[in-house]
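K.L.:
Have a look at this one.
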Amino acid sequence: MDFAFSPEHVALRRMIREFAENEVAPIAAEIDRDHRVPFETMRKLGEIGLLGVCFPQEYGGMGAGEMGYCILMEELNRVCTSTGTNVGAHIGIGAMVIHLDGNEEQKRKYLTPLSRGEKIAAFGLTESGAGSDAAAIRTRAVREGDSWILDGGKVFITNGGYADIVTVLAVTDPTLGGRGGITAFVVETDWEGFRVAREEDKMGIRGTSTAELVFEELRVPHENVLGKVGEGFIPFMKSLDMGRLTLGAACIGGAEMALESAVRWAKIRKQFGQELAHKQSVQWKIANMATEIEALRSLVYRVAWLVDTGQPFTQLAAMCKLYGSEVASRAIDMALQIHGGLGFSRDFPLERGFRDARIGEIYEGTSEVQRIVIASNIFREHSVRIRP
Amino acid sequence: MDASYLDLLMAQQEEVTEEAAGGGGVWVVADVVDGSIAAVTLEAIGTARNLADSLGAYVYGVLLGEDVADLAQTLYQAGADGVRLADDASLAQFALKPYLEVLSDLFDEEQPEVVMFGATAQGQELASRLAQRMGGGLIERVTAVSLDEATRTVQGAISIYGGEYFEILACPEARPQFLTVEPGAFPAPFIDDYRKGEPTVLDVEVVEPEVRVVGPAGEFEPPQVPLAQAPVIVAAGRQAGDFDTVKQLAAALGAQVAGDRGAWGAGWIGPEQIVDVRGVEVTPGVYVAVGIRGDTFHNAAIEGARFILAIHPDSDAPIFRIADLCLEADSKEVLPALLERVSVFFRCPTL
Amino acid sequence: MRIIVILGRVLDPSGIAVNRRVGRIFINREEYVLQPADRCALEAALQVKDAAGAEVVALPRGPLPDDDVLRQALATGADRAIYLAGDGFKGADDGVMVRVLAAAVERLGGTDLVLTGATTMDTGQGQLGPRLAEALGCPQIINAWQVSVTDGKVRAVLQQAADYVAVEAGLPAVVTMLPGALRLRYPDGVRLVNVYKGVGEIAEALERWDVADLVDADGLRPLLERRGRDFPPERERGSRVTGTPQDMAQAAANALQQRMGR
C-alpha cells in the first residue's frame, strides 16, 4: 500500500493552497459580512482550470480525478467555506450529473464551458416537500412535441441565484415514482419560464447564493434530457454519492482551520502564569481534534482512490460526509471554547467558521440519511433489505 | 607666525609607492553618494585596515567619478595607505561598463589579494562582474569577517533568511578574493584628520555605457504591499501624541502606517490598518510602536516582528515585555527628536 | 526570440526553527519553495512572451535533487525546461553554475534575454545574473521592477532612491528581477497535471542533460567553501534606554539605522 499522493496531486495542492491564501482568504470575512458571492474568485478559478478539476481534459477539464477534487475542496474550505460551497455545488453536483450521464453532444455543449468556468452550474433537486425524501418531488415535466414543459420549483438551490445551467430533476410519470417516473434535464437559466424567486438569508455560508427557483411553462428541448426518460433519479443519486465524498474533504479543511487556530492561540494566550498549551484540558481537546482529523483524512483520501480506480464507494462516501461534518462541528466547537471570548467576537474568523460548519450535517443528505445509507448497505451485504 | 610647519610635522605622509607594494593589498572601491564618500565605504576601509594589518599588507582605496579628487583625502583619513583616482566626465554617474573597464585594467596590473565593495547596487554590479572576469570568488553582503592567517583567506559571514543565522564562507584558493560589505554591519573607522596623501591618477579611456537611462518612469507604480507583508511598520496607539508626526516618521523610514484598536477608535487609521489578532497580523523586519500600551491581542499580532521598538510613558506597559528596545517616555518628547535623526534615511527596498 | 529563465528553490523558512542559545537549526518541516525573485523572473519572461512572442526556456539556478522546479516552470507557462543531472555537481557555487549555464546556453544555440532573480531569499546573494552576463559578454540590468522588450531592445524600470527610472539596453542582455515586483500568475491546471503525470506534449518539453557533457570536472570545482555557522545573540527583549528624550531618540535612531542597513 502506497499512501503517498502522486506528484500531480502534490503539485496541485501546493498551487491551490497558494491560491487560497492569496485570492480567497483576504476576502473571506468581507463576503460573509456583506452576503456577497465572490464572482471574481469563480472567474479566477475558472481561468486556471480548477472549476473542471475532476472532469476529463477532452471536455475542458483538468483530469485530476476525484482525488484532485477532494484536494481542491480541502484547501478552499480551509480558508473559506462559502467559496468551497460555491465551487462544490458547481463541480460536484451541478456539472457532475452531465459528466456521469450526459451524451457526447451534451458534454461538449455544456460540460466544456462548465469545466472552464465560462458558465456556472447548480443542482436542482430539493423542493419544499422533498428534502431527505428526494423521490417526493412534484416538479412536473410534460412532453409536447420535441420539447418538455416544466412546471414547479426548487428551493435551497446553491448557486441558484446566478447559475447559467441548472440540472433539474422533474416527474415525467407520476404513477411510476422513483423508478421510471423521474427524468433529469439540463436547463439554461436564461430560457423563458425560468425565474429566481428569492434568496435565503442564512446563518452561515453567507458568501453563497441559496435560491428558490420557479419554473412556469419552462420549455426544455428533448435533446436536453440527461440519460433516458424516466431514469433520471439514479444519476442524480450517484452525483450526490460522489458529492458526499468531497464534502468530507471539505470538512477536513474546516476542521484543520479550527485546529491550527486553536494551537496557535494556546501557544500565545497566558492565564494564571502559564500558556493555555500547558493546561491538560486544552491539550486533550487539541489531541481529540487532531486524531479525528487524521482519521477523516485517511478515510476521505482512501475513498477518493476507490472512486478513481472504479471500485464501489457509496457506503464509504456516506461515511465520509457523516463523519466529516461531525468532526468539523466538534473541532470548531472545541476551538471556539479554547479561544474563549475572542472566539465569540465577530472580528475574529472563528465564529464565521462555527456558523459555516453547521450546515455540513444537513445539506446534501442529512446525517440521518447518511446513517440510513450506511446501514442499508451493510445489511444488504447480509441479504437484509432495509426500507427507509 | 606661520604655523604651517606644525601641520607638516603632525601630518603623516603617504608611504606607499608602486614598487614597494608589488601587488597584493586590500582594496576598497568607493561609493560616492551626494558628493561625499558613502558611509559603507568608510566602514569597508575600517575593516580592510584590520585585515591588512593582520596580513601585513596595505589598504588602497579606488575613487571613480567626476571632480572627486578632494574626496580622496577622506579615504586616507579613514585609513587608506594609497588611493587610485579615476576622474573623468564619463564617470560622473555610475555606469557599469565605464567603471568596470577602469577597475579591470587597474586590478589586472595590481593583482590585489582582497577587493572590497559596499553592498550597494554599484558594488553588487562591479563585484560580480570583476569576480567573474578575474576568476575570483565573491562573498556578498558580508556582516562579519575574520582571517584565516595560514592561507591568507578572508572568512566572511553572510546573513541567512534575513538574520536567522549566519553562514561563514571563504575563498581559499582563487585570487583576488572579492567581498561586498553590508551597510551598517561594520563600525565606522576612526577618522584621522591629520592623515593625508597624494592619490595616483589613473588614465581613463572613455567607454560608452551599455545600459542607458531613458528617463523617469513616470507612470510606474510599484505593486501595493499588503500590511501583513510590509517590511517596516510604524504603528500608533492612544499615547502616540501627534499622529501627523507618526506619519512623518513612517514616511522617513519608508514604512507603512498602522495602529492598534485605540488608534482606530481615535479615527487615525482605518479598520484595515489595525494590528490585532482581530485585525491584521504582521511580520515586519522592524516594528515601531508609538504610544501603544500593548494588550494581548495586539502583541499576539506582532509575534513575527523581528525587531520591535516601543515608545510609551507607562513603565508597566505590557508592550515593554516583548519589545527589543524600550523607550519609557512621552511620545510628544521623543518622536520629534527621533524624526529629526532618521530624516537622512532613504527607503530601503529590501529587508 | 528566446528567453532563458534561471530558477532555484529554497527551504521554506517557516519550517525552520533556529535555537540561538544552543546554536542549532531544527528543520521541523522540510518543504521547498521556488525562490520568490526567480518566480518574478519567470513571470516577467511570460509577460514578454505574451506581448511579443518568445520561447521561454527554464534552467536551474543550482544543483537540484529532482526536476520539480523545472516542472513548476513548465506548468506555469515555460515552453521548455532543462534538468541538469550529475554527481560532481553537488555543492556548486555561483562560479561553477555560471560555467554550466553558459555552456548550456551555447548548446541551446544562444539566447536573446536571460532573466533571473535579483537576490536569493536564503543567502541574499545576487551575483549569479551579473556573473552570467560577464560570461556571455552582454549587458546587465539588475534589481528591476519591470521589464519589456521592444524593437530588439530591453527596457526596465529601476529604483533610484525614492524615484523610478527607465533604462534600456541592447539584446542579448541579462536582467535580474526584484522579489515581489510582479503579480505572479498561477500555473495552468491542465499543464500542471500533464507535466507531473508525464503525459502529452508538455511532458516532452522537459529535457535532461548531463552536466559532465557541459563542463569538465575541473570546471565543476567550487571557488567558495563553507567554513561553518554562526548564530546571532539571543533576542533580548525589554531592554530600556535611559536618559533624556534626546538620548533615547539617538539610541533608537542608531538601532533603526543598524536594522535597516541605511
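Labels for the C-alpha cells follow display order: chains A, B, ..., residues from 1 in each chain, ligands from 1.
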Within 9 Å of chain C, which residues belong to chain A? Use only C-alpha atoms and report them as a ChimeraX atom specification.
P.N.:
/A:6-9,11-12,15,18-19,47-50,53,57,60-64
K.L.:
Quick one: everything within 6 Å of region 250-264 of chain B, counting only C-alpha atoms, minus sequence neighbours fewer than 3 positions away in the same chain. Send it as a list in words.
P.N.:
Val232, Ile233, Val234, Ala235, Ala236, Gly237, Arg238, Lys247, Gly267, Trp268, Ile269, Gln273, Ile274, Val275, Ser343 and Arg347 of chain B
K.L.:
Give the helix (DSSP H, G or I) residues of region 37-240 of chain C, as DSSP finds them on the backbone, and put them as an NGL selection string.
P.N.:
:C and (37-52 or 68-76 or 94-108 or 128-136 or 189-197 or 200-204 or 211-214 or 217-220)
K.L.:
Please indicate the distance in Å from CA of Gly248 (chain A) to CA of Tyr363 (chain A), rounded to one decimal place.
P.N.:
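Computed distance, CA of Gly248 (chain A) to CA of Tyr363 (chain A), equals 12.1 Å.
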K.L.:
Considering only C-alpha atoms, tabulate each residue of chain A that lies at most 7 Å from chain B along with its nearest interatomic pair and the corresponding distance in Å to one decimal; arrange the rows by chain and ascending residue number and present them as CSV.
P.N.:
```
residue,atom,partner,partner_atom,distance
A:Ile268,CA,B:Ala300,CA,6.7
A:Asp347,CA,B:Arg278,CA,5.0
A:Phe348,CA,B:Arg278,CA,4.8
```
K.L.:
Can you measure CA of Asp230 (chain C) to CA of Thr176 (chain C) for me? One decimal in Å is fine.
P.N.:
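The value is 29.4 Å.
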K.L.:
Residues within 7 Å of region 161-166 of chain C, please, as an MDAnalysis selection string. Count only C-alpha atoms; anything in the same chain fewer than 4 positions from it doesn't count.
P.N.:
(chainID B and resid 213:217 346:347) or (chainID C and resid 155:157)
K.L.:
List every residue of region 81-186 of chain C that DSSP, applied to the backbone of this structure, assigns to strand (DSSP E), and report them as number ranges by chain.
P.N.:
C: 81-85, 113-117, 140-150, 153-160, 163-170, 173-177
K.L.:
Once you count only C-alpha atoms, which residues of chain B turn out to be within 7 Å of chain C? Could you give them as a PyMOL selection string?
P.N.:
chain B and resi 125+128-129+132-133+137+140+158-161+164-171+174+183-185+210-217+223+320-327+333-334+337-338+341-342+345-348+351
K.L.:
Please produce a file of the residues just selected, as a compact mmCIF listing (two decimals), in the first residue's frame, where the atoms kept are N, CA and C atoms.
P.N.:
```
# COMPACT_ATOMS: atom_id res chain seq x y z
N GLU B 125 27.04 45.18 -8.76
CA GLU B 125 27.29 45.01 -10.20
C GLU B 125 28.78 44.84 -10.48
N SER B 128 30.46 41.50 -8.88
CA SER B 128 30.12 40.27 -9.60
C SER B 128 30.86 40.16 -10.92
N ARG B 129 30.82 41.25 -11.67
CA ARG B 129 31.45 41.21 -12.99
C ARG B 129 32.96 41.03 -12.90
N GLN B 132 33.92 37.52 -11.85
CA GLN B 132 33.79 36.59 -12.97
C GLN B 132 34.95 36.78 -13.94
N ARG B 133 35.25 38.05 -14.22
CA ARG B 133 36.28 38.32 -15.21
C ARG B 133 37.64 37.85 -14.74
N GLY B 137 36.59 34.48 -6.27
CA GLY B 137 35.36 34.13 -5.55
C GLY B 137 34.77 35.39 -4.96
N GLU B 140 28.98 37.99 -0.97
CA GLU B 140 28.21 39.23 -0.95
C GLU B 140 27.54 39.49 0.38
N ILE B 158 27.75 35.59 6.16
CA ILE B 158 26.60 36.17 5.48
C ILE B 158 25.33 35.79 6.23
N SER B 159 24.37 36.68 6.16
CA SER B 159 23.11 36.54 6.88
C SER B 159 22.19 35.58 6.13
N ILE B 160 21.63 34.59 6.82
CA ILE B 160 20.74 33.64 6.16
C ILE B 160 19.30 33.93 6.59
N TYR B 161 18.41 33.89 5.63
CA TYR B 161 17.00 34.20 5.87
C TYR B 161 16.87 35.51 6.65
N GLU B 164 18.43 34.99 10.50
CA GLU B 164 18.14 33.87 11.39
C GLU B 164 19.43 33.27 11.93
N TYR B 165 20.40 33.13 11.04
CA TYR B 165 21.73 32.69 11.47
C TYR B 165 22.71 33.14 10.40
N PHE B 166 23.97 32.80 10.58
CA PHE B 166 25.00 33.23 9.62
C PHE B 166 25.78 32.04 9.10
N GLU B 167 26.08 32.08 7.81
CA GLU B 167 26.98 31.09 7.21
C GLU B 167 28.32 31.76 6.99
N ILE B 168 29.38 31.03 7.30
CA ILE B 168 30.70 31.60 7.09
C ILE B 168 31.28 31.00 5.83
N LEU B 169 31.61 31.87 4.87
CA LEU B 169 32.17 31.42 3.60
C LEU B 169 33.58 31.93 3.43
N ALA B 170 34.32 31.22 2.61
CA ALA B 170 35.69 31.65 2.34
C ALA B 170 36.08 31.20 0.94
N CYS B 171 37.05 31.92 0.38
CA CYS B 171 37.55 31.55 -0.94
C CYS B 171 39.02 31.20 -0.77
N ALA B 174 41.26 30.83 -5.00
CA ALA B 174 41.21 31.81 -6.08
C ALA B 174 41.51 33.22 -5.57
N PRO B 183 25.98 47.44 4.50
CA PRO B 183 25.99 48.76 5.15
C PRO B 183 25.53 48.65 6.60
N GLY B 184 26.23 49.30 7.48
CA GLY B 184 25.84 49.32 8.88
C GLY B 184 26.30 48.12 9.69
N ALA B 185 26.91 47.14 9.03
CA ALA B 185 27.31 45.94 9.78
C ALA B 185 28.64 46.12 10.48
N GLU B 210 26.70 50.47 -21.64
CA GLU B 210 25.84 49.60 -22.44
C GLU B 210 24.37 49.78 -22.08
N VAL B 211 24.15 50.25 -20.84
CA VAL B 211 22.77 50.48 -20.40
C VAL B 211 22.59 51.98 -20.28
N ARG B 212 21.60 52.51 -20.97
CA ARG B 212 21.43 53.97 -20.88
C ARG B 212 20.10 54.30 -20.21
N VAL B 213 20.15 55.41 -19.48
CA VAL B 213 18.93 55.84 -18.80
C VAL B 213 18.05 56.57 -19.80
N VAL B 214 16.82 56.11 -19.93
CA VAL B 214 15.91 56.71 -20.90
C VAL B 214 15.23 57.94 -20.30
N GLY B 215 14.88 57.84 -19.02
CA GLY B 215 14.21 58.96 -18.37
C GLY B 215 13.46 58.46 -17.15
N PRO B 216 12.73 59.34 -16.48
CA PRO B 216 11.96 58.88 -15.31
C PRO B 216 10.82 57.96 -15.75
N ALA B 217 10.55 56.94 -14.95
CA ALA B 217 9.44 56.02 -15.27
C ALA B 217 8.19 56.56 -14.60
N PRO B 223 3.92 47.60 -7.01
CA PRO B 223 2.75 46.88 -6.51
C PRO B 223 2.52 47.19 -5.03
N PHE B 320 6.36 46.58 26.69
CA PHE B 320 7.77 46.56 27.06
C PHE B 320 8.28 45.15 27.34
N ARG B 321 7.36 44.24 27.56
CA ARG B 321 7.80 42.86 27.81
C ARG B 321 8.25 42.18 26.54
N ILE B 322 7.72 42.63 25.41
CA ILE B 322 8.08 41.96 24.16
C ILE B 322 8.94 42.81 23.23
N ALA B 323 9.06 44.11 23.55
CA ALA B 323 9.84 44.97 22.65
C ALA B 323 11.33 44.74 22.85
N ASP B 324 12.10 44.88 21.78
CA ASP B 324 13.56 44.74 21.88
C ASP B 324 14.17 45.98 22.50
N LEU B 325 13.66 47.14 22.11
CA LEU B 325 14.20 48.38 22.64
C LEU B 325 13.04 49.20 23.20
N CYS B 326 13.13 49.56 24.48
CA CYS B 326 12.02 50.23 25.15
C CYS B 326 12.38 51.65 25.53
N LEU B 327 11.55 52.57 25.09
CA LEU B 327 11.74 53.96 25.44
C LEU B 327 10.58 54.36 26.34
N GLU B 333 7.64 64.00 23.32
CA GLU B 333 9.02 64.49 23.52
C GLU B 333 10.02 63.74 22.66
N VAL B 334 9.83 62.43 22.54
CA VAL B 334 10.84 61.62 21.85
C VAL B 334 10.67 61.63 20.34
N ALA B 337 12.38 64.30 18.08
CA ALA B 337 13.83 64.12 18.07
C ALA B 337 14.20 62.91 17.22
N LEU B 338 13.42 61.84 17.32
CA LEU B 338 13.70 60.64 16.53
C LEU B 338 13.52 60.93 15.05
N ARG B 341 16.45 62.67 13.57
CA ARG B 341 17.63 61.84 13.35
C ARG B 341 17.47 60.84 12.22
N VAL B 342 16.26 60.43 11.92
CA VAL B 342 16.12 59.45 10.84
C VAL B 342 15.81 60.09 9.49
N PHE B 345 17.56 59.15 6.29
CA PHE B 345 17.40 57.85 5.65
C PHE B 345 16.70 57.99 4.30
N PHE B 346 17.00 57.06 3.37
CA PHE B 346 16.11 56.91 2.23
C PHE B 346 15.52 55.53 2.31
N ARG B 347 14.59 55.26 1.45
CA ARG B 347 13.88 54.00 1.51
C ARG B 347 14.79 52.80 1.32
N CYS B 348 14.49 51.76 2.03
CA CYS B 348 15.23 50.52 1.92
C CYS B 348 14.36 49.53 1.14
N LEU B 351 14.39 44.13 2.77
CA LEU B 351 14.80 43.99 4.15
C LEU B 351 14.76 42.52 4.53
```
K.L.:
Ranking A:Thr246, A:Ser325, A:Ser239, A:Thr112 by minimum distance to Tyr59 (chain A) and counting only C-alpha atoms, which one comes first?
P.N.:
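Closest to Tyr59 (chain A) of all the choices is A:Thr112.
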K.L.:
So which one's closest to Ser261 (chain A), A:Thr208, A:Ser329, A:Gln337, A:Thr309? Using only C-alpha atoms, please.
P.N.:
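For Ser261 (chain A), the nearest of the candidates is A:Gln337.
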K.L.:
Can you pull out the residues contacting region 42-47 of chain B? Cut-off 6 Å, using only C-alpha atoms, and skip same-chain residues under 2 positions away; I want them as JSON, numbers by chain.
P.N.:
{"B": [39, 40, 49, 50, 186, 187, 188, 189]}
K.L.:
Could you list, as a PyMOL selection string, every residue within 9 Å of Gly46 (chain A), counting only C-alpha atoms and ignoring same-chain residues fewer than 6 positions away?
P.N.:
chain A and resi 52+114-118
K.L.:
Atoms to include: N, CA and C atoms. Write the selected residues as a PDB file, in the first residue's frame.
P.N.:
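See result_33.pdb below for the written result:
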```pdb
ATOM      1  N   GLY A  52     -12.906  22.644 -13.355  1.00  0.00           N
ATOM      2  CA  GLY A  52     -13.139  21.375 -14.045  1.00  0.00           C
ATOM      3  C   GLY A  52     -12.137  20.344 -13.567  1.00  0.00           C
ATOM      4  N   LEU A 114     -18.524  24.553 -18.661  1.00  0.00           N
ATOM      5  CA  LEU A 114     -18.583  24.476 -17.203  1.00  0.00           C
ATOM      6  C   LEU A 114     -17.211  24.166 -16.630  1.00  0.00           C
ATOM      7  N   SER A 115     -16.496  23.244 -17.288  1.00  0.00           N
ATOM      8  CA  SER A 115     -15.150  22.894 -16.822  1.00  0.00           C
ATOM      9  C   SER A 115     -14.230  24.101 -16.847  1.00  0.00           C
ATOM     10  N   ARG A 116     -14.438  24.940 -17.832  1.00  0.00           N
ATOM     11  CA  ARG A 116     -13.553  26.100 -17.983  1.00  0.00           C
ATOM     12  C   ARG A 116     -14.023  27.287 -17.150  1.00  0.00           C
ATOM     13  N   GLY A 117     -15.152  27.110 -16.462  1.00  0.00           N
ATOM     14  CA  GLY A 117     -15.638  28.219 -15.649  1.00  0.00           C
ATOM     15  C   GLY A 117     -16.268  29.319 -16.473  1.00  0.00           C
ATOM     16  N   GLU A 118     -16.521  29.032 -17.753  1.00  0.00           N
ATOM     17  CA  GLU A 118     -17.184  30.041 -18.581  1.00  0.00           C
ATOM     18  C   GLU A 118     -18.652  30.135 -18.213  1.00  0.00           C
TER      19      GLU A 118
END
```
K.L.:
Considering only C-alpha atoms, return as a PyMOL selection string whatever protein or nucleic-acid residues lie within 10 Å of Gly88 (chain C), sequence-local ones (same chain, fewer than 3 positions apart) excluded.
P.N.:
chain C and resi 63+85+91-92+211-212+216-218+220-221
K.L.:
Just how far from CA of His298 (chain B) is CA of Ala20 (chain A), in Å to one decimal?
P.N.:
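Atom-to-atom, CA of Ala20 (chain A) to CA of His298 (chain B), that is 25.4 Å.
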K.L.:
Report as a ChimeraX atom specification all protein, DNA and RNA residues lying within 12 Å of Ala375 (chain A), evaluated on only C-alpha atoms, omitting residues in the same chain fewer than 2 positions from it.
P.N.:
/A:314-316,318-319,368-373,377-382,384-388
K.L.:
Counting only C-alpha atoms, figure out which residue out of B:Val204, B:Leu138, B:Ala48, B:Ala121 gets nearest to Ala86 (chain B).
P.N.:
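Counting only C-alpha atoms, the residue closest to Ala86 (chain B) is B:Val204.
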